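S.K.: Pasting a structure here, questions to come.
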There are 2 protein chains.
Amino acid sequence: MNLRERKKQRTRDALLRAALELFATRGYEETTVDDIAAAVDVSQRTFFRYFAGKEETALFVPRLAEAVVIDALRARPPSEPPLEALRRAVLESWDAIHEAVAELVPIELHLRVYRVIESTPALLAVHLRRAAELEERLAGIIAEREGLDVDADPRPRIVVALFGGVIRVTERLWSTGEDLTVEGLRDLTAAYLDQVGPALAGNWRPAQSP
Amino acid sequence: MNLRERKKQRTRDALLRAALELFATRGYEETTVDDIAAAVDVSQRTFFRYFAGKEETALFVPRLAEAVVIDALRARPPSEPPLEALRRAVLESWDAIHEAVAELVPIELHLRVYRVIESTPALLAVHLRRAAELEERLAGIIAEREGLDVDADPRPRIVVALFGGVIRVTERLWSTGEDLTVEGLRDLTAAYLDQVGPALAGNWRPAQSP
DNA sequence: AGGCTAGTGACAGTCACTGACAATTGACAA
DNA sequence: TTGTCAATTGTCAGTGACTGTCACTAGCCT
């Protein structure tokens with residue numbers, strides 16, 4: 001990598017960090033693109049040459065995580081049933097995600113930004129849309145594993161939708177709770193996934209007051 | 001309703017219709033707020049006094065539908081198991097939705113706008129966020145029916161997440177398919193909901209090639 | 001060293017949205 | 001009916017995200 005490319009990389013990283021730092025301390029809506037550019041001492045125009053928009057910086061880390069999850073699912077042995085493969089792929093991804101993120105920004109900063117994402121309507125909306133896109137890709141992988149056609153058989157999309165729903169519920173709960181550690185999220189996710197069976201059992205009431 | 005209020009109502013309706021008409025023909029991003037205001041011959045400022053933003057007009061009808069679904073779920077006999085209550089509430093809502101919408105805009109226009117929503121990233125994002133908010137309310141109702149605490153018991157949120165996931169999958173498929181009738185959506189939804197059980201059965205492969 | 005080109009800054013313009021103020025118009029009492 | 005009050009609207013100015021253009025500078029390559 002020559003000087004030119006190193007400089008570009010440095011500017012990009014600096015912009016990303018400055019943006020996340022500002023979002024985490026001041027809030028997303030309260031931070032202007034000019035603020036971010038000024039913090040790195042480049043023009044606003046340059047910011048837009050590196051990122052498609054303000055959103056992209058805020059959701060940069062979650063996007064990394066998505067790529068890791070996809071790889072993890074691809075690496076699962078085809079003998080595993082779909083839901084089990086999804087479960088293990090996600091639960092075992094977090095270490096890899098942790099690493100990949102740490103090279104870019106401090107984990108602690110990312111966790112603070114994550115709360116900002118969940119509590120900022122505009123960001124949450126885009127985050128959810130990206131999650132939907134991820135689900136579509138996961139459904140494709142599941143279908144492939146099982147030798148099915150995604151458009152002909154509803155089951156791949158349904159399992160993934162169920163799975164994604166549970167993930168999102170746990171993400172929300174975790175981000176509003178007090179245990180903001182990666183372990184906390186992993187345990188919560190595992191616990192909720194274990195509840196899928198019971199939740200689908202027809203009637204709950206006999207079980208709660210036997 | 002006196003003259004003043006009637007006039008307001010007329011302006012509001014005209015703005016909504018003009019907006020949807022423009023979105024459906026020209027596209028969402030290609031329509032400016034000035035276009036909408038000009039079509040009704042009011043100032044841009046007036047548009048913003050009636051709607052919080054461009055989005056709100058595009059998502060106005062889906063918001064109506066949400067309210068209907070909530071009412072329908074509340075009306076379900078408490079003896080029904082949660083998933084069954086959700087299923088019936090949604091399937092039986094469409095007639096009521098149909099009626100409520102028809103009073104506001106032609107159904108055919110709404111269907112065209114619906115495709116625009118699904119195919120416009122910015123709109124889809126907000127639509128999904130609203131869906132998440134709806135799910136939270138539905139989970140609350142389910143918990144209440146079952147006499148549970150939403151924050152203590154994961155099951156209400158999980159069933160609703162599963163259910164919502166399936167709904168969203170069918171909405172997407174329907175909006176990209178060719179049978180753009182309300183019956184088409186209802187049948188598709190019913191069929192997909194029937195697949196939830198099979199989709200969760202551990203291994204699919206024995207079933208597909210017996 | 002000197003030409004080539006990627007990367008940048010400065011500037012102007014569009015579009016969504018907001019605040020402030022003045023003009024208009026319906027409501028209602030005298 | 002008329003005058004007063006309050007609600008509604010238009011106009012104007014401003015902010016913030018984003019885009020196109022163009023000249024300029026800095027690293028690259030021979």
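The way I read the labels, and the way they are meant: chains A, B, ... in the order of the structure tokens, residue 1 as the first residue of every chain, and ligand 1 as the first ligand shown, with later ones counted on from there.
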Using DSSP assignments from the backbone, pull out every residue in chain A that falls under helix (DSSP H, G or I) and give it to me as a ChimeraX atom specification.

M.R.: /A:3-26,33-40,44-50,54-58,60-74,82-102,107-119,121-146,155-176,182-194,196-200,205-208

S.K.: Would you pick out the contacts of range 123-126 of chain B at 7 Å or less, using only C-alpha atoms (C1' of nucleotides), so that residues sharing its chain but fewer than 3 positions from it are not included, and give the list as a ChimeraX atom specification?

M.R.: /A:125-126,128-129 /B:55,117-118,120,129-130

S.K.: Check which residues of chain B sit at most 9 Å from chain C using only C-alpha atoms (C1' of nucleotides), and return one row each with the closest pair of atoms and their distance in Å to one decimal, ordered by chain and rising number, as a tab-separated table.

M.R.:
```
residue	atom	partner	partner_atom	distance
B:Leu3	CA	C:DG26	C1'	7.4
B:Arg4	CA	C:DG26	C1'	6.2
B:Thr32	CA	C:DC15	C1'	7.4
B:Val33	CA	C:DA16	C1'	7.9
B:Phe48	CA	C:DC17	C1'	8.1
B:Gly53	CA	C:DC17	C1'	7.8
B:Lys54	CA	C:DA16	C1'	8.3
```

S.K.: What would the file look like if the residues just selected were written as an mmCIF file, in the first residue's frame with C-alpha atoms?

M.R.:
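Result saved to result_10.cif:
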```cif
data_model
loop_
_atom_site.group_PDB
_atom_site.id
_atom_site.type_symbol
_atom_site.label_atom_id
_atom_site.label_comp_id
_atom_site.auth_asym_id
_atom_site.auth_seq_id
_atom_site.Cartn_x
_atom_site.Cartn_y
_atom_site.Cartn_z
ATOM 1 C CA LEU B 3 -67.080 25.280 7.325
ATOM 2 C CA ARG B 4 -63.600 25.780 8.694
ATOM 3 C CA THR B 32 -41.039 16.757 -4.360
ATOM 4 C CA VAL B 33 -43.160 18.253 -1.624
ATOM 5 C CA PHE B 48 -46.082 20.537 6.452
ATOM 6 C CA GLY B 53 -43.223 14.874 6.300
ATOM 7 C CA LYS B 54 -43.372 13.258 2.889
#
```

S.K.: List as an mmCIF file with C-alpha atoms, in the first residue's frame the protein and nucleic acid residues near Arg186 in chain B, meaning an atom at most 8 Å away when only C-alpha atoms (C1' of nucleotides) are counted, but skip any in the same chain fewer than 3 places from it.

M.R.:
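What landed in around.cif:
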```cif
data_model
loop_
_atom_site.group_PDB
_atom_site.id
_atom_site.type_symbol
_atom_site.label_atom_id
_atom_site.label_comp_id
_atom_site.auth_asym_id
_atom_site.auth_seq_id
_atom_site.Cartn_x
_atom_site.Cartn_y
_atom_site.Cartn_z
ATOM 1 C CA LEU B 91 -56.983 -12.743 8.342
ATOM 2 C CA TRP B 94 -58.722 -7.296 5.743
ATOM 3 C CA VAL B 182 -56.541 -8.486 -1.439
ATOM 4 C CA GLU B 183 -57.672 -12.100 -1.771
ATOM 5 C CA THR B 189 -50.694 -15.339 4.283
ATOM 6 C CA ALA B 190 -52.889 -18.238 5.296
#
```

S.K.: For each of A:Gly177, A:Pro82, A:Pro77, A:Pro62, take the minimum atom-to-atom distance to chain B, counting only C-alpha atoms, then give the residue where this is smallest.

M.R.: A:Pro82

S.K.: Could the residues of chain D within 10 Å of chain A, counting only C-alpha atoms (C1' of nucleotides), be given as a list in words, please?

M.R.: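 Here is what falls inside 10 Å: DG16, DA17, DC18, DT19, DA26, DG27 and DC28 of chain D.
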
S.K.: Mind writing the picked residues with N, CA and C atoms (P, O5', C5', C4', C3', O3' and C1' of nucleotides) as a PDB file, in the first residue's frame?

M.R.:
```pdb
ATOM      1  P    DG D  16     -27.348  23.464  10.980  1.00  0.00           P
ATOM      2  O5'  DG D  16     -27.594  22.029  10.372  1.00  0.00           O
ATOM      3  C5'  DG D  16     -28.854  21.390  10.511  1.00  0.00           C
ATOM      4  C4'  DG D  16     -28.962  20.313   9.467  1.00  0.00           C
ATOM      5  C3'  DG D  16     -27.608  19.770   8.994  1.00  0.00           C
ATOM      6  O3'  DG D  16     -27.673  18.369   8.897  1.00  0.00           O
ATOM      7  C1'  DG D  16     -28.824  20.523   7.157  1.00  0.00           C
ATOM      8  P    DA D  17     -26.428  17.432   8.619  1.00  0.00           P
ATOM      9  O5'  DA D  17     -26.898  16.639   7.327  1.00  0.00           O
ATOM     10  C5'  DA D  17     -28.048  15.822   7.396  1.00  0.00           C
ATOM     11  C4'  DA D  17     -28.467  15.422   6.004  1.00  0.00           C
ATOM     12  C3'  DA D  17     -27.394  14.663   5.222  1.00  0.00           C
ATOM     13  O3'  DA D  17     -28.020  13.598   4.518  1.00  0.00           O
ATOM     14  C1'  DA D  17     -28.091  16.559   4.000  1.00  0.00           C
ATOM     15  P    DC D  18     -27.158  12.372   4.061  1.00  0.00           P
ATOM     16  O5'  DC D  18     -26.645  12.860   2.648  1.00  0.00           O
ATOM     17  C5'  DC D  18     -27.608  12.833   1.641  1.00  0.00           C
ATOM     18  C4'  DC D  18     -27.290  13.773   0.513  1.00  0.00           C
ATOM     19  C3'  DC D  18     -26.079  13.402  -0.345  1.00  0.00           C
ATOM     20  O3'  DC D  18     -26.550  12.639  -1.466  1.00  0.00           O
ATOM     21  C1'  DC D  18     -26.512  15.756  -0.216  1.00  0.00           C
ATOM     22  P    DT D  19     -25.516  12.131  -2.538  1.00  0.00           P
ATOM     23  O5'  DT D  19     -25.460  13.308  -3.617  1.00  0.00           O
ATOM     24  C5'  DT D  19     -26.659  13.747  -4.223  1.00  0.00           C
ATOM     25  C4'  DT D  19     -26.313  14.625  -5.412  1.00  0.00           C
ATOM     26  C3'  DT D  19     -25.127  14.139  -6.237  1.00  0.00           C
ATOM     27  O3'  DT D  19     -25.460  14.229  -7.612  1.00  0.00           O
ATOM     28  C1'  DT D  19     -24.759  16.370  -5.511  1.00  0.00           C
ATOM     29  P    DA D  26       0.261  20.694  -2.103  1.00  0.00           P
ATOM     30  O5'  DA D  26       0.368  19.123  -1.876  1.00  0.00           O
ATOM     31  C5'  DA D  26      -0.795  18.388  -1.509  1.00  0.00           C
ATOM     32  C4'  DA D  26      -0.671  16.966  -2.009  1.00  0.00           C
ATOM     33  C3'  DA D  26       0.754  16.421  -1.934  1.00  0.00           C
ATOM     34  O3'  DA D  26       0.715  15.087  -1.476  1.00  0.00           O
ATOM     35  C1'  DA D  26      -0.055  16.234  -4.137  1.00  0.00           C
ATOM     36  P    DG D  27       2.078  14.446  -0.857  1.00  0.00           P
ATOM     37  O5'  DG D  27       2.166  13.093  -1.700  1.00  0.00           O
ATOM     38  C5'  DG D  27       1.237  12.046  -1.432  1.00  0.00           C
ATOM     39  C4'  DG D  27       1.033  11.247  -2.701  1.00  0.00           C
ATOM     40  C3'  DG D  27       2.187  10.298  -3.049  1.00  0.00           C
ATOM     41  O3'  DG D  27       1.647   9.072  -3.475  1.00  0.00           O
ATOM     42  C1'  DG D  27       1.758  11.702  -4.868  1.00  0.00           C
ATOM     43  P    DC D  28       2.591   7.788  -3.627  1.00  0.00           P
ATOM     44  O5'  DC D  28       2.642   7.591  -5.210  1.00  0.00           O
ATOM     45  C5'  DC D  28       1.437   7.357  -5.927  1.00  0.00           C
ATOM     46  C4'  DC D  28       1.705   7.254  -7.414  1.00  0.00           C
ATOM     47  C3'  DC D  28       2.909   6.370  -7.781  1.00  0.00           C
ATOM     48  O3'  DC D  28       2.514   5.439  -8.778  1.00  0.00           O
ATOM     49  C1'  DC D  28       3.075   8.481  -8.844  1.00  0.00           C
TER      50       DC D  28
END
```

S.K.: Give me the residues near range 152-167 of chain A as a list in words, where near means some atom within 7 Å (using only C-alpha atoms (C1' of nucleotides)) and where sequence neighbours in that chain fewer than 2 positions away do not count.

M.R.: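 So, after excluding close chain neighbours, the residues are Leu83, Glu135, Leu138, Ala139, Ile142, Ala143, Leu148, Asp149, Val150, Val169, Thr170, Glu171, Thr189, Tyr192 and Leu193 of chain A; Ile158, Ala161, Leu162, Gly165, Val166, Tyr192, Gln195, Val196, Ala199 and Leu200 of chain B.
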
S.K.: Using C-alpha atoms, can you write the selected residues to a file as a compact mmCIF listing (two decimals), in the first residue's frame?

M.R.:
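Saved the output as selection-v1.txt:
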```txt
# COMPACT_ATOMS: atom_id res chain seq x y z
CA LEU A 83 -32.64 -23.56 13.01
CA GLU A 135 -32.51 -12.34 6.32
CA LEU A 138 -29.62 -16.15 5.05
CA ALA A 139 -32.78 -17.71 3.63
CA ILE A 142 -30.50 -22.21 4.14
CA ALA A 143 -32.37 -23.14 0.99
CA LEU A 148 -34.56 -26.20 -2.01
CA ASP A 149 -35.78 -23.35 -4.16
CA VAL A 150 -36.38 -20.27 -1.97
CA VAL A 169 -36.12 -8.80 20.27
CA THR A 170 -32.99 -9.72 22.19
CA GLU A 171 -31.01 -6.88 20.63
CA THR A 189 -29.98 -14.60 22.79
CA TYR A 192 -34.60 -16.52 24.05
CA LEU A 193 -33.87 -19.03 21.33
CA ILE B 158 -41.34 -14.38 20.52
CA ALA B 161 -41.90 -11.80 16.28
CA LEU B 162 -42.45 -15.09 14.53
CA GLY B 165 -41.82 -12.26 10.33
CA VAL B 166 -44.18 -14.44 8.38
CA TYR B 192 -47.51 -19.35 4.86
CA GLN B 195 -46.09 -23.69 7.00
CA VAL B 196 -44.82 -22.48 10.36
CA ALA B 199 -40.69 -25.14 8.92
CA LEU B 200 -39.80 -25.67 12.55
```

S.K.: Enter the distance from CA of Thr57 in chain B to CA of Leu73 in chain B, in Å, rounded to one decimal.

M.R.: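 Computed distance, CA of Thr57 in chain B to CA of Leu73 in chain B, equals 25.8 Å.
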
S.K.: What separation in Å, quoted to one decimal, exists between C1' of DC24 in chain D and CA of Arg6 in chain A?

M.R.: 21.6 Å

S.K.: Which value, in Å to one decimal, gives the distance between CA of His98 in chain A and CA of Ala65 in chain A?

M.R.: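 Interatomic distance, CA of His98 in chain A to CA of Ala65 in chain A: 8.7 Å.
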